[in-house]
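A.B. asks: Got a structure for you, written out below as structure tokens; questions coming shortly.
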Amino acid sequence: MSDARTIQNKQKLTSVEEQMIHYEQDFGAHHYGRLDVVVKSTEGCWLTDVNGKRYLDCLAAYSAANQGHHHPKIVQAVKDALDGKYASVISNVVYTDQLALFLKKTAELVPQLGPRFGNHGNKVLPKNGGVESVETAIKAARYYGWKSKGIEDGKQEIIVFGNNFHGRMITIVSFSSTKKYREGFGPITPGFVTVDYGDLEAVRKAINPNTCGILVEPMQGEGGMNIPPEGFLAGLRKLSDEHDLILIFDEIQVGLGRTGRMFCFEHENVVPDAIILGKAISGGLVPVSVFLTNTKLMDLIFQPGSDGSTYGGYPMACVAGLAALEVIEEEKLAERSARMGKILRKKIDAIAGRSPHVKEVRGRGLFIGIEVKNGEAMVYCRKLLELGVLANDSHGHTIRISPPLIINENEIDYLCERLEEVLVD
């Protein structure tokens with residue numbers, strides 16, 4: 001057996017846990033630094049390990065479980081699809097009713113994108129994971145630059161931002177400012193210009209005749225739970241209109257209720273030309289992501305043969321996605337996120353005021369970061385794990401608190417009691 005694993009937290013492991021951890025270490029790639037807990041089952045806001053110990057999930061799989069784990073409506077929809085024999089993947093050369101319903105629901109959920117291109121409605125291109133839809137967005141911006149703006153093919157440039165996180169495929173890591181994501185994986189993909197997040201003047205200076213788009217997170221998650229300065233998104237919108245650029249918002253983590261609005265861009269009343277959604281769009285049961293844009297743009301950019309995905313938009317994914325979106329609307333999870341987030345933020349701010357370790361608290365809705373002074377957030381996350389709370393760091397220095405949006409006040413109290421124990425000496 002491999003001896004590469006080191007115990008990262010102090011809780012004593014059982015033989016079953018040791019065995020499962022060794023299996024992962026011996027037979028899986030070491031591409032994640034894991035906490036030493038082996039989860040067996042999940043329900044609502046809670047995880048249960050192989051020994052029966054419960055943990056409050058304050059990570060929600062990076063917003064994939066916004067509706068809570070194993071939400072009964074989504075589970076039932078998936079069961080019905082399996083029992084009814086309409087869950088299997090089908091060739092994309094034919095139509096399916098489930099894809100049709102999912103596309104309509106998703107397109108109509110989002111406000112009219114790219115309004116400067118006309119009120120044509122939205123169209124949706126589904127994929128499996130968020131990074132695939134980011135790649136699709138990049139293709140869209142580049143094609144628009146070539147076809148509509150007349151930029152020489154291969155010269156198109158997209159403006160991106162420091163401390164971004166859009167996934168880890170080759171093209172995406174090519175413009176990551178995190179060295180460990182890209183080092184050794186070259187040659188990297190050209191065509192990206194990076195400026196500081198929130199610096200509108202830097203964006204203005206970076207625009208040139210080859211610029212075709214701007215790709216931005218309306219609030220950064222992995223980059224440190226960063227909220228852009230007021231007016232930044234509106235400024236990007238203005239620059240995009242002035243220079244005929246495709247403005248793309250990556251809301252994979254911050255969309256679908258996470259920040260207290262259905263979409264994070266609604267905090268500034270700014271509408272992008274395109275948006276990327278994923279994670280919570282299927283309630284955490286089936287991998288699904290989507291790229292959405294104005295119908296006029298989608299029809300300009302994608303024709304038969306220019307894109308495709310065997311499992312992108314397959315029936316099971318659409319069944320889960322349709323149910324997941326209905327849950328967000330029916331249970332008013334965006335409003336609930338705003339309400340519960342306000343309660344949680346007030347309690348965390350009070351703890352921070354008594355703590356010698358907290359540098360700053362920032363966030364929106366149930367997307368809250370606690371930056372610590374020593375820059376070692378995982379030290380506190382491991383202590384929280386021992387006390388029955390799963391959390392993770394953001395950019396090394398910030399404790400990320402992003403529970404399922406169904407969290408209640410008792411669970412908030414449970415969390416804050418443990419934050420108090422960890423952060424207040």
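In the structure tokens, each chain is lettered A, B, ... as it comes, each chain's residues begin at 1, and ligands are numbered from 1 in order of appearance.
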Which residues, written as a list in words, have at least one atom at most 10 Å from Leu236 of chain A, with only C-alpha atoms counted and residues fewer than 3 positions away on the same chain left out?
C.D. replies: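 In the requested format, the answer is Gly198, Leu200, Val203, Arg204, Ile214, Val216, Gly231, Phe232, Leu233, Leu239, Ser240, Asp241, Glu242, Leu245, Leu247, Val270 and Pro272 of chain A.
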A.B. asks: Could the residues of segment 165-238 of chain A that have an atom at most 12 Å from segment 120-136 of chain A be listed as a tab-separated table, each with its closest atom pair and the distance in Å to one decimal, counting only C-alpha atoms and ordered by chain and ascending residue number?
C.D. replies:
residue	atom	partner	partner_atom	distance
A:Phe165	CA	A:Val131	CA	9.8
A:His166	CA	A:Val131	CA	6.3
A:Gly167	CA	A:Val131	CA	5.0
A:Arg168	CA	A:Val131	CA	7.2
A:Met169	CA	A:Val131	CA	7.0
A:Ile170	CA	A:Glu135	CA	9.9
A:Thr171	CA	A:Glu135	CA	7.5
A:Ile172	CA	A:Glu135	CA	7.5
A:Val173	CA	A:Val131	CA	10.4
A:Ser174	CA	A:Glu135	CA	11.9
A:Thr189	CA	A:Glu135	CA	11.8
A:Leu215	CA	A:Val134	CA	9.1
A:Val216	CA	A:Val134	CA	10.7
A:Glu217	CA	A:Val134	CA	11.3
A.B. asks: Would you save the residues from that selection as an mmCIF file, in the first residue's frame, using C-alpha atoms?
C.D. replies:
data_model
loop_
_atom_site.group_PDB
_atom_site.id
_atom_site.type_symbol
_atom_site.label_atom_id
_atom_site.label_comp_id
_atom_site.auth_asym_id
_atom_site.auth_seq_id
_atom_site.Cartn_x
_atom_site.Cartn_y
_atom_site.Cartn_z
ATOM 1 C CA PHE A 165 -11.566 30.176 -11.464
ATOM 2 C CA HIS A 166 -13.387 28.721 -14.463
ATOM 3 C CA GLY A 167 -12.224 25.095 -14.321
ATOM 4 C CA ARG A 168 -9.088 23.134 -15.107
ATOM 5 C CA MET A 169 -9.104 22.096 -18.772
ATOM 6 C CA ILE A 170 -6.112 23.160 -20.873
ATOM 7 C CA THR A 171 -7.640 26.278 -22.394
ATOM 8 C CA ILE A 172 -9.044 27.382 -19.032
ATOM 9 C CA VAL A 173 -5.859 26.909 -17.013
ATOM 10 C CA SER A 174 -4.021 28.809 -19.733
ATOM 11 C CA THR A 189 -3.655 28.373 -25.202
ATOM 12 C CA LEU A 215 -15.295 36.648 -19.262
ATOM 13 C CA VAL A 216 -15.936 37.397 -15.594
ATOM 14 C CA GLU A 217 -17.364 35.966 -12.381
#
A.B. asks: Hey, which of A:Val424, A:Leu405, A:Lys180, A:Leu285 ends up closest to Gly353 of chain A? Count only C-alpha atoms.
C.D. replies: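 Looking at the shortest contact to Gly353 of chain A, the residue is A:Val424.
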A.B. asks: What's the 8 Å shell around Thr106 of chain A, counting only C-alpha atoms, without same-chain residues fewer than 4 positions away, as a ChimeraX atom specification?
C.D. replies: /A:102,110,124,325
A.B. asks: Which residue gives the smallest distance to Met225 of chain A among A:Gly68, A:Pro287, A:Gly363, A:Pro187, with only C-alpha atoms counted?
C.D. replies: A:Gly363
A.B. asks: Excluding same-chain residues fewer than 3 positions from segment 249-251 of chain A, what lies within 6 Å of it counting only C-alpha atoms, as a count of residues only?
C.D. replies: 7
A.B. asks: Given only C-alpha atoms as the basis, pick out the residue of A:Thr194, A:Asn51, A:Gly33, A:Trp46 nearest to Ala65 of chain A.
C.D. replies: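 Using only C-alpha atoms, the shortest distance to Ala65 of chain A belongs to A:Trp46.
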A.B. asks: Nearest to Pro356 of chain A: which of A:Ser148, A:Gln76, A:Asn374, A:Ser282 is it, counting only C-alpha atoms?
C.D. replies: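 Using only C-alpha atoms, the shortest distance to Pro356 of chain A belongs to A:Asn374.
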A.B. asks: Would you mind reading off the distance between atom CA of Ala137 of chain A and atom CA of Asn294 of chain A, one decimal, in Å?
C.D. replies: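 Rounded to one decimal, the two atoms are 12.5 Å apart.
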A.B. asks: By how many Å are atom CA of Asp196 of chain A and atom CA of Tyr181 of chain A apart?
C.D. replies: 18.3 Å
A.B. asks: Considering only strand (DSSP E or B) as DSSP defines it on the backbone, what residues of segment 56-249 of chain A qualify? List them as number ranges by chain.
C.D. replies: A: 56-57, 69, 122-127, 157-161, 192-195, 211-216, 220, 226, 246-249
A.B. asks: Quick one: everything within 12 Å of Lys347 of chain A, counting only C-alpha atoms, minus sequence neighbours fewer than 6 positions away in the same chain. Send it as a short mmCIF file (atom, residue, chain, number, x, y, z; two decimals) with N, CA and C atoms, in the first residue's frame.
C.D. replies:
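Done, and the output landed in result-v9.cif:
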data_model
loop_
_atom_site.label_atom_id
_atom_site.label_comp_id
_atom_site.auth_asym_id
_atom_site.auth_seq_id
_atom_site.Cartn_x
_atom_site.Cartn_y
_atom_site.Cartn_z
N MET A 340 -31.83 33.80 5.12
CA MET A 340 -30.94 33.03 6.00
C MET A 340 -29.53 33.59 5.99
N GLY A 341 -29.12 34.12 4.83
CA GLY A 341 -27.79 34.71 4.74
C GLY A 341 -27.66 35.93 5.63
N GLY A 353 -16.05 39.95 15.44
CA GLY A 353 -15.74 41.07 16.32
C GLY A 353 -15.07 40.66 17.61
N ARG A 354 -15.27 39.40 18.00
CA ARG A 354 -14.65 38.87 19.23
C ARG A 354 -13.41 38.05 18.96
N VAL A 361 -14.82 39.73 6.98
CA VAL A 361 -15.94 38.89 6.56
C VAL A 361 -16.58 39.55 5.36
N ILE A 368 -20.50 33.20 1.90
CA ILE A 368 -19.81 34.04 2.87
C ILE A 368 -18.37 33.55 3.06
N GLU A 409 -32.62 27.90 10.86
CA GLU A 409 -31.98 28.68 11.93
C GLU A 409 -31.31 27.80 12.97
N ILE A 412 -28.05 26.94 11.51
CA ILE A 412 -27.19 28.12 11.57
C ILE A 412 -26.60 28.27 12.97
N ASP A 413 -27.41 28.04 13.99
CA ASP A 413 -26.92 28.10 15.38
C ASP A 413 -25.85 27.04 15.61
N TYR A 414 -26.09 25.83 15.09
CA TYR A 414 -25.13 24.73 15.21
C TYR A 414 -23.78 25.15 14.61
N LEU A 415 -23.83 25.74 13.41
CA LEU A 415 -22.62 26.19 12.75
C LEU A 415 -21.92 27.28 13.55
N CYS A 416 -22.67 28.27 14.00
CA CYS A 416 -22.05 29.42 14.66
C CYS A 416 -21.48 29.07 16.03
N GLU A 417 -22.07 28.10 16.70
CA GLU A 417 -21.49 27.63 17.96
C GLU A 417 -20.10 27.07 17.72
N ARG A 418 -19.93 26.40 16.61
CA ARG A 418 -18.64 25.79 16.30
C ARG A 418 -17.65 26.81 15.73
N LEU A 419 -18.15 27.76 14.98
CA LEU A 419 -17.28 28.85 14.54
C LEU A 419 -16.76 29.63 15.75
N GLU A 420 -17.63 29.83 16.70
CA GLU A 420 -17.23 30.53 17.94
C GLU A 420 -16.10 29.77 18.63
#
A.B. asks: From a DSSP pass on the backbone, collect the residues of segment 183-362 of chain A flagged as alpha helix (DSSP H) and hand them back as a PyMOL selection string.
C.D. replies: chain A and resi 200-206+232-243+295-301+315-330+333-354
A.B. asks: Please, could you write that set of residues out with C-alpha atoms as a short mmCIF file (atom, residue, chain, number, x, y, z; two decimals), in the first residue's frame?
C.D. replies:
data_model
loop_
_atom_site.label_atom_id
_atom_site.label_comp_id
_atom_site.auth_asym_id
_atom_site.auth_seq_id
_atom_site.Cartn_x
_atom_site.Cartn_y
_atom_site.Cartn_z
CA LEU A 200 -12.30 48.98 -14.70
CA GLU A 201 -9.58 51.28 -15.97
CA ALA A 202 -7.31 48.28 -16.58
CA VAL A 203 -10.07 46.70 -18.64
CA ARG A 204 -10.41 49.88 -20.68
CA LYS A 205 -6.67 49.94 -21.40
CA ALA A 206 -6.64 46.24 -22.35
CA PHE A 232 -17.74 47.36 -11.86
CA LEU A 233 -20.20 45.09 -13.65
CA ALA A 234 -22.10 48.10 -14.98
CA GLY A 235 -18.80 49.48 -16.24
CA LEU A 236 -18.06 46.21 -18.04
CA ARG A 237 -21.48 46.38 -19.63
CA LYS A 238 -20.83 49.93 -20.86
CA LEU A 239 -17.41 49.04 -22.28
CA SER A 240 -18.82 45.96 -23.98
CA ASP A 241 -21.52 48.03 -25.64
CA GLU A 242 -19.05 50.72 -26.72
CA HIS A 243 -16.56 48.25 -28.23
CA THR A 295 -31.16 33.62 -29.78
CA LYS A 296 -29.67 35.82 -32.51
CA LEU A 297 -26.13 35.16 -31.22
CA MET A 298 -26.62 31.43 -30.70
CA ASP A 299 -27.97 31.01 -34.23
CA LEU A 300 -25.07 33.05 -35.64
CA ILE A 301 -22.40 31.04 -33.84
CA PRO A 315 -32.72 12.70 -20.94
CA MET A 316 -31.62 11.85 -17.37
CA ALA A 317 -29.75 15.14 -17.06
CA CYS A 318 -32.73 17.07 -18.37
CA VAL A 319 -35.13 15.31 -16.01
CA ALA A 320 -32.96 16.18 -13.03
CA GLY A 321 -32.39 19.72 -14.33
CA LEU A 322 -36.06 20.45 -14.87
CA ALA A 323 -36.96 19.25 -11.36
CA ALA A 324 -34.03 21.12 -9.81
CA LEU A 325 -35.05 24.43 -11.40
CA GLU A 326 -38.65 23.91 -10.31
CA VAL A 327 -37.49 23.37 -6.72
CA ILE A 328 -35.53 26.63 -6.74
CA GLU A 329 -38.61 28.51 -7.91
CA GLU A 330 -41.28 26.71 -5.88
CA LEU A 333 -34.60 29.46 -2.56
CA ALA A 334 -33.14 32.76 -3.75
CA GLU A 335 -35.31 34.62 -1.26
CA ARG A 336 -34.49 32.05 1.40
CA SER A 337 -30.78 32.49 0.72
CA ALA A 338 -31.14 36.24 1.23
CA ARG A 339 -33.09 35.77 4.46
CA MET A 340 -30.94 33.03 6.00
CA GLY A 341 -27.79 34.71 4.74
CA LYS A 342 -28.70 37.88 6.60
CA ILE A 343 -29.18 35.92 9.83
CA LEU A 344 -25.95 33.97 9.36
CA ARG A 345 -23.92 37.03 8.38
CA LYS A 346 -25.04 38.92 11.49
CA LYS A 347 -23.92 36.05 13.72
CA ILE A 348 -20.60 35.62 11.89
CA ASP A 349 -19.91 39.35 12.09
CA ALA A 350 -20.46 39.17 15.86
CA ILE A 351 -18.04 36.24 16.14
CA ALA A 352 -15.49 38.09 13.99
CA GLY A 353 -15.74 41.07 16.32
CA ARG A 354 -14.65 38.87 19.23
#
A.B. asks: Counting only C-alpha atoms, which of A:Thr96, A:Thr48, A:Asn164, A:Asn210 gets nearest to Gly145 of chain A?
C.D. replies: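 Going through A:Thr96, A:Thr48, A:Asn164, A:Asn210 one by one, the smallest distance to Gly145 of chain A is for A:Asn210.
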A.B. asks: For a test of reading the model, state the distance in Å between atom CA of Asn226 of chain A and atom CA of Tyr197 of chain A, rounded to one decimal.
C.D. replies: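 Atom CA of Tyr197 of chain A lies at a distance of 8.9 Å from atom CA of Asn226 of chain A.
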A.B. asks: At a cut-off of 10 Å, using only C-alpha atoms, what residues contact Met20 of chain A? Leave out same-chain residues fewer than 6 positions from it and give the result as a VMD selection string.
C.D. replies: chain A and resid 26 37 to 38 50
A.B. asks: Print the selection's residues with N, CA and C atoms to a file, as an mmCIF file, in the first residue's frame.
C.D. replies:
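The resulting file, selection_18.cif, is reproduced below:
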data_model
loop_
_atom_site.group_PDB
_atom_site.id
_atom_site.type_symbol
_atom_site.label_atom_id
_atom_site.label_comp_id
_atom_site.auth_asym_id
_atom_site.auth_seq_id
_atom_site.Cartn_x
_atom_site.Cartn_y
_atom_site.Cartn_z
ATOM 1 N N ASP A 26 -4.295 4.579 -3.267
ATOM 2 C CA ASP A 26 -3.564 3.583 -4.050
ATOM 3 C C ASP A 26 -4.058 3.479 -5.489
ATOM 4 N N VAL A 37 -12.247 12.251 6.144
ATOM 5 C CA VAL A 37 -13.575 11.760 6.501
ATOM 6 C C VAL A 37 -14.114 11.020 5.278
ATOM 7 N N VAL A 38 -14.751 9.891 5.500
ATOM 8 C CA VAL A 38 -15.300 9.084 4.413
ATOM 9 C C VAL A 38 -16.818 9.166 4.498
ATOM 10 N N VAL A 50 -18.995 6.859 7.346
ATOM 11 C CA VAL A 50 -19.167 5.410 7.411
ATOM 12 C C VAL A 50 -19.361 4.899 8.835
#
A.B. asks: Between A:His71, A:Lys332, A:Lys359, A:His31, which is the closest to Arg261 of chain A once you count only C-alpha atoms?
C.D. replies: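 Using only C-alpha atoms, Arg261 of chain A sits closest to A:Lys332.
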